[in-house]
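Trainee: First the structure, which I've put down as structure tokens, then a few questions once you've had a look.
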Amino acid sequence: MDLLTDVLPSPFTRGRQHQLKFQLILSEAAQLFNWQGSRATTLADVAGSLNLTKTCLYYYVNNKQDLVYQCYVSSCKMWLDHAQQASQAPGSGLDKITSMIAVHLEQYAASLQNEAPHFAMMTEVSSLDEAHREDIFRRWSEIFELCRLMVIQGIDEGAIDEVNPAVVTLAIFSIIQWFPVWLNRKHVINIKAVVTSVLDIAINGLSSQSLELKPTTLPNITSETVDSFDREEQNKGKREAFYRVGSIYFNQKGYKGTSLDEIAGSLDVTKGAFYYHIKNKEELLYQCFERTLSIERRLLEEANKSAVSGLKKVGHALHYLVNIQLSDQGPLIRYRSLPSLDEPHRKLVLKASKRNSDQLGAYIRQGFDDGTLRDIDAEIAQHILSGAIEASPDLVDWVEVAGGEQLSNDYLNIFINGLSGK
């Protein structure tokens, strides 16, 4: 008996060829879904990019929803594989966590160079049918628990600050999940330096000294009008309500799963009244982003007014942007819905989002000048903080803690003081 052929399956067998082709399809589909969303991606797009016919594609998947689901299964398997490898490696819990972060970063860098497959960002799980949704949630829960156990090990060893392990896990996930959004070919050229910077910020945080986070009052930045006889002001208030409730639905159900009729019903208005203000679902999604960008800008301005040092401005901005997600002034639309916009609207949102991010970056650079922030890579710090804000709504789904202020304090402490807590 040939032991080698027992261990290594032949690439010439039909089953092996089928599996390799299927993985190639999933990689190409994931790349398209990540960039333009599943809504704008057709099976013909996927088939064409691989020089296949749609008929050939149906040999591997039943329909587009099945393809989306299979891409998410593939992503979960990759996450689980990385988590299992890290958990079984020698070293402290913190060593294992940082190893897992680095492996993910290197994975995304390799995919940009076409040296590794692409994996889908799981932004539209809510659009799947119930059975597939539950399966992805079960898989993700297994990954979450494995990472949480590594965090607990690190806390027990004194290497990770004693914070709710579920909160720490979500902070770690926010860093990893945001890699595909900002990592580009410029970073890939010097990937070792990028990995070093990311891990430094994750472990040691932004602050040059240990900072005790304190409750920060959320400024009221809404412009709702009460008992106004001005028709335009009334209509403005109604549109604000549509955008806020629309954000809730898009965040929870994704673009495909959101029904304008359902939104109208939740606000107790007729379909006619709703369509008087909102042209269509695409327009509603874009206006939800416009509202979010406006709120972000105003909160960043408030942070500038309410603090003196760069660190305090960064801290206030983070508190405002996270706490508004948990308040009756929120939520903000999550940027994972961005691929569902058409390209012209997407470009407008990205341009405005960069302006807001640059404002946060200005506070970081001020912190360098006044010595309140460590000497870190400002651009990478901006990306990590953007990912933290984007992922913050997940806190209420995974952490059983009473009091949003304490929850946000624990969460933000990880980014200000690092996993080690200094």
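In the structure tokens, chains take letters A, B, ... by order of appearance, with residues numbered from 1 within each chain and ligands from 1 in the order shown.
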Write out as a list of chain:residue names each polymer residue whose atoms come within 12 Å of Glu301 (chain A), counting only C-alpha atoms; drop sequence neighbours fewer than 5 positions from it.

Mentor: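 So the residues in contact are A:Pro219, A:Ile221, A:Ser294, A:Ile295, A:Glu296, A:Ser306, A:Ala307, A:Lys313, A:Val314, A:His316, A:Ala317, A:Tyr320, A:Leu321, A:Asn356, A:Gln359, A:Leu360, A:Ala362, A:Tyr363.
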
Trainee: List every residue of region 163-347 of chain A that DSSP, applied to the backbone of this structure, places in alpha helix (DSSP H), and write the result as a PyMOL selection string.

Mentor: chain A and resi 165-177+179-182+185-189+191-204+231-257+260-266+271-277+281-306+310-323+343-347

Trainee: Keeping C-alpha atoms for every residue in the selection just given, could you write it to a file as a compact mmCIF listing (two decimals), in the first residue's frame?

Mentor:
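See selection_5.txt below for the written result:
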```
# COMPACT_ATOMS: atom_id res chain seq x y z
CA PRO A 165 -14.54 38.18 27.87
CA ALA A 166 -17.43 38.51 25.41
CA VAL A 167 -16.76 42.26 25.08
CA VAL A 168 -13.05 41.57 24.48
CA THR A 169 -13.92 38.95 21.87
CA LEU A 170 -16.16 41.38 19.99
CA ALA A 171 -13.41 44.00 20.04
CA ILE A 172 -11.00 41.46 18.55
CA PHE A 173 -13.55 40.48 15.90
CA SER A 174 -14.09 44.15 15.01
CA ILE A 175 -10.39 44.47 14.17
CA ILE A 176 -10.34 41.33 12.02
CA GLN A 177 -13.65 41.90 10.24
CA PHE A 179 -9.40 44.20 7.37
CA PRO A 180 -11.07 43.62 3.96
CA VAL A 181 -12.49 47.16 4.07
CA TRP A 182 -9.21 49.05 4.36
CA ARG A 185 -2.11 46.68 -2.21
CA LYS A 186 -0.08 49.50 -0.69
CA HIS A 187 -0.28 47.75 2.68
CA VAL A 188 0.50 44.36 1.16
CA ILE A 189 3.90 45.59 -0.04
CA ILE A 191 2.61 43.60 5.27
CA LYS A 192 5.02 42.76 8.10
CA ALA A 193 5.04 46.38 9.24
CA VAL A 194 1.24 46.51 9.01
CA VAL A 195 0.91 43.36 11.13
CA THR A 196 3.30 44.83 13.70
CA SER A 197 1.32 48.11 13.87
CA VAL A 198 -2.06 46.38 14.18
CA LEU A 199 -0.84 44.07 16.95
CA ASP A 200 0.84 46.95 18.78
CA ILE A 201 -2.41 48.93 18.84
CA ALA A 202 -4.43 45.85 19.80
CA ILE A 203 -2.13 44.96 22.70
CA ASN A 204 -1.13 48.41 23.98
CA ARG A 231 -45.24 72.05 6.84
CA GLU A 232 -41.67 71.79 5.62
CA GLU A 233 -40.43 71.26 9.18
CA GLN A 234 -43.09 68.61 9.69
CA ASN A 235 -42.03 66.83 6.52
CA LYS A 236 -38.40 67.06 7.61
CA GLY A 237 -39.29 65.39 10.90
CA LYS A 238 -41.16 62.64 9.07
CA ARG A 239 -38.25 61.99 6.74
CA GLU A 240 -35.91 61.80 9.75
CA ALA A 241 -38.19 59.13 11.25
CA PHE A 242 -38.17 57.20 7.98
CA TYR A 243 -34.35 57.29 7.83
CA ARG A 244 -33.96 56.22 11.46
CA VAL A 245 -36.41 53.31 11.17
CA GLY A 246 -34.95 52.45 7.77
CA SER A 247 -31.52 52.18 9.38
CA ILE A 248 -32.93 49.79 11.97
CA TYR A 249 -34.39 47.53 9.28
CA PHE A 250 -31.35 47.64 6.98
CA ASN A 251 -29.05 46.85 9.92
CA GLN A 252 -31.17 43.92 11.05
CA LYS A 253 -32.43 42.50 7.77
CA GLY A 254 -30.04 43.74 5.10
CA TYR A 255 -31.06 45.42 1.87
CA LYS A 256 -32.77 42.42 0.31
CA GLY A 257 -34.66 41.52 3.46
CA LEU A 260 -40.69 49.43 2.49
CA ASP A 261 -44.24 48.33 3.25
CA GLU A 262 -43.05 46.88 6.56
CA ILE A 263 -41.27 50.14 7.43
CA ALA A 264 -44.38 52.15 6.58
CA GLY A 265 -46.47 49.84 8.75
CA SER A 266 -44.09 50.16 11.70
CA LYS A 271 -47.91 53.36 1.71
CA GLY A 272 -48.96 56.47 -0.18
CA ALA A 273 -47.71 58.75 2.58
CA PHE A 274 -44.44 56.86 2.72
CA TYR A 275 -43.86 57.03 -1.01
CA TYR A 276 -44.62 60.76 -0.96
CA HIS A 277 -41.36 61.21 0.93
CA LYS A 281 -35.68 51.49 -1.40
CA GLU A 282 -32.41 52.53 -3.05
CA GLU A 283 -33.16 56.17 -2.23
CA LEU A 284 -34.04 55.27 1.37
CA LEU A 285 -30.76 53.41 1.85
CA TYR A 286 -28.77 56.34 0.46
CA GLN A 287 -30.61 58.81 2.71
CA CYS A 288 -29.89 56.56 5.70
CA PHE A 289 -26.20 56.90 4.88
CA GLU A 290 -26.57 60.67 4.45
CA ARG A 291 -28.18 60.87 7.89
CA THR A 292 -25.42 58.76 9.43
CA LEU A 293 -22.65 60.82 7.85
CA SER A 294 -24.28 64.03 9.09
CA ILE A 295 -24.60 62.68 12.65
CA GLU A 296 -21.01 61.43 12.60
CA ARG A 297 -19.80 64.84 11.48
CA ARG A 298 -21.74 66.67 14.20
CA LEU A 299 -20.57 64.27 16.91
CA LEU A 300 -16.96 64.68 15.81
CA GLU A 301 -17.42 68.46 16.01
CA GLU A 302 -18.88 68.10 19.51
CA ALA A 303 -15.86 66.01 20.55
CA ASN A 304 -13.60 68.80 19.35
CA LYS A 305 -15.51 71.35 21.46
CA SER A 306 -15.75 69.25 24.61
CA GLY A 310 -5.95 64.72 21.38
CA LEU A 311 -6.62 61.64 23.51
CA LYS A 312 -9.69 63.16 25.14
CA LYS A 313 -11.05 64.22 21.73
CA VAL A 314 -10.57 60.69 20.42
CA GLY A 315 -12.16 59.25 23.57
CA HIS A 316 -15.19 61.57 23.43
CA ALA A 317 -15.67 60.92 19.72
CA LEU A 318 -15.62 57.15 20.28
CA HIS A 319 -18.03 57.42 23.22
CA TYR A 320 -20.45 59.54 21.21
CA LEU A 321 -20.34 57.33 18.12
CA VAL A 322 -20.76 54.09 20.07
CA ASN A 323 -23.32 55.36 22.58
CA GLU A 343 -21.78 52.88 -7.70
CA PRO A 344 -22.44 56.67 -7.96
CA HIS A 345 -24.08 56.77 -4.51
CA ARG A 346 -21.39 54.49 -3.09
CA LYS A 347 -18.66 56.87 -4.24
```

Trainee: Residues at most 10 Å from Ser111 (chain A), counting only C-alpha atoms, excluding those fewer than 4 positions away in the same chain, as a PyMOL selection string?

Mentor: chain A and resi 27+31+106-107+115-119+180+188

Trainee: Keeping only N, CA and C atoms, write those residues as a CSV table (one decimal), in the first residue's frame.

Mentor:
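Saved file again_14.csv follows:
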```csv
chain,number,residue,atom,x,y,z
A,27,SER,N,-14.5,31.6,-4.3
A,27,SER,CA,-13.5,32.7,-4.1
A,27,SER,C,-13.9,33.8,-5.0
A,31,GLN,N,-15.3,37.6,-3.8
A,31,GLN,CA,-14.7,38.8,-4.2
A,31,GLN,C,-15.8,39.8,-4.8
A,106,GLU,N,-2.7,38.3,7.3
A,106,GLU,CA,-1.9,37.7,6.2
A,106,GLU,C,-2.7,37.0,5.2
A,107,GLN,N,-3.9,36.4,5.7
A,107,GLN,CA,-4.8,35.8,4.7
A,107,GLN,C,-5.4,36.8,3.8
A,115,GLU,N,-2.8,35.1,-4.2
A,115,GLU,CA,-2.0,33.9,-3.7
A,115,GLU,C,-2.8,33.1,-2.7
A,116,ALA,N,-4.1,33.5,-2.5
A,116,ALA,CA,-5.0,32.7,-1.6
A,116,ALA,C,-6.4,33.1,-2.0
A,117,PRO,N,-7.3,32.2,-1.7
A,117,PRO,CA,-8.7,32.5,-2.1
A,117,PRO,C,-9.3,33.7,-1.3
A,118,HIS,N,-10.3,34.3,-1.9
A,118,HIS,CA,-11.1,35.3,-1.3
A,118,HIS,C,-12.2,34.7,-0.4
A,119,PHE,N,-12.5,35.4,0.7
A,119,PHE,CA,-13.6,34.9,1.5
A,119,PHE,C,-14.6,36.1,1.7
A,180,PRO,N,-10.8,43.6,5.4
A,180,PRO,CA,-11.1,43.6,4.0
A,180,PRO,C,-11.5,45.0,3.5
A,188,VAL,N,0.0,45.7,1.4
A,188,VAL,CA,0.5,44.4,1.2
A,188,VAL,C,2.0,44.4,0.9
```

Trainee: Counting only C-alpha atoms, which residues of region 333-421 of chain A sit at most 10 Å from some atom of region 121-139 of chain A, and what is each one's closest atom pair with its distance in Å to one decimal, listed by chain and rising residue number, as CSV?

Mentor:
```
residue,atom,partner,partner_atom,distance
A:Arg334,CA,A:Thr123,CA,9.6
A:Tyr335,CA,A:Thr123,CA,9.3
A:Arg336,CA,A:Thr123,CA,5.6
A:Ser337,CA,A:Thr123,CA,7.3
A:Leu338,CA,A:Thr123,CA,9.8
A:Pro339,CA,A:Thr123,CA,9.4
A:Ser340,CA,A:Glu124,CA,9.9
```

Trainee: Can you spit out the residues from that selection as a compact mmCIF listing (two decimals), in the first residue's frame, using N, CA and C atoms?

Mentor:
```
# COMPACT_ATOMS: atom_id res chain seq x y z
N ARG A 334 -25.17 50.77 9.27
CA ARG A 334 -23.88 50.08 9.29
C ARG A 334 -23.30 50.05 7.88
N TYR A 335 -22.00 50.28 7.78
CA TYR A 335 -21.35 50.39 6.48
C TYR A 335 -21.32 49.07 5.72
N ARG A 336 -21.69 47.99 6.37
CA ARG A 336 -21.76 46.72 5.66
C ARG A 336 -22.86 46.73 4.59
N SER A 337 -23.78 47.72 4.68
CA SER A 337 -24.82 47.86 3.65
C SER A 337 -24.34 48.63 2.44
N LEU A 338 -23.13 49.16 2.49
CA LEU A 338 -22.62 50.01 1.41
C LEU A 338 -22.62 49.32 0.05
N PRO A 339 -22.24 48.03 -0.05
CA PRO A 339 -22.25 47.40 -1.37
C PRO A 339 -23.63 47.33 -2.03
N SER A 340 -24.69 47.53 -1.25
CA SER A 340 -26.04 47.49 -1.82
C SER A 340 -26.41 48.78 -2.54
```

Trainee: Would you please work out which residue, of A:Gln65, A:Asn51, A:Ser386, A:Gln88, is nearest to Lys354 (chain A) when using only C-alpha atoms?

Mentor: A:Ser386

Trainee: Can you tell me which residues surround Asp410 (chain A) at a distance of at most 9 Å, considering only C-alpha atoms, apart from same-chain residues fewer than 2 positions away, and format the answer as an MDAnalysis selection string?

Mentor: chainID A and resid 163:164 167:168 213 405:408 412:414

Trainee: For the selection you just gave me, I'd like the residues written to a file as a PDB file, in the first residue's frame, keeping C-alpha atoms.

Mentor:
```pdb
ATOM      1  CA  VAL A 163     -12.960  42.882  31.188  1.00  0.00           C
ATOM      2  CA  ASN A 164     -16.033  40.875  30.189  1.00  0.00           C
ATOM      3  CA  VAL A 167     -16.756  42.260  25.076  1.00  0.00           C
ATOM      4  CA  VAL A 168     -13.051  41.571  24.481  1.00  0.00           C
ATOM      5  CA  LEU A 213     -12.718  55.983  30.992  1.00  0.00           C
ATOM      6  CA  GLU A 405     -22.644  53.258  29.370  1.00  0.00           C
ATOM      7  CA  GLN A 406     -20.699  50.557  31.215  1.00  0.00           C
ATOM      8  CA  LEU A 407     -20.857  48.324  28.164  1.00  0.00           C
ATOM      9  CA  SER A 408     -19.402  51.006  25.897  1.00  0.00           C
ATOM     10  CA  LEU A 412     -13.695  51.298  24.265  1.00  0.00           C
ATOM     11  CA  ASN A 413     -11.224  50.617  27.068  1.00  0.00           C
ATOM     12  CA  ILE A 414      -9.765  47.850  24.886  1.00  0.00           C
TER      13      ILE A 414
END
```

Trainee: Check the smallest atom-to-atom distance from each of A:Leu50, A:Leu24, A:Ala120, A:Leu112 to Tyr69 (chain A) using only C-alpha atoms, then report the winner.

Mentor: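 Using only C-alpha atoms, Tyr69 (chain A) sits closest to A:Ala120.
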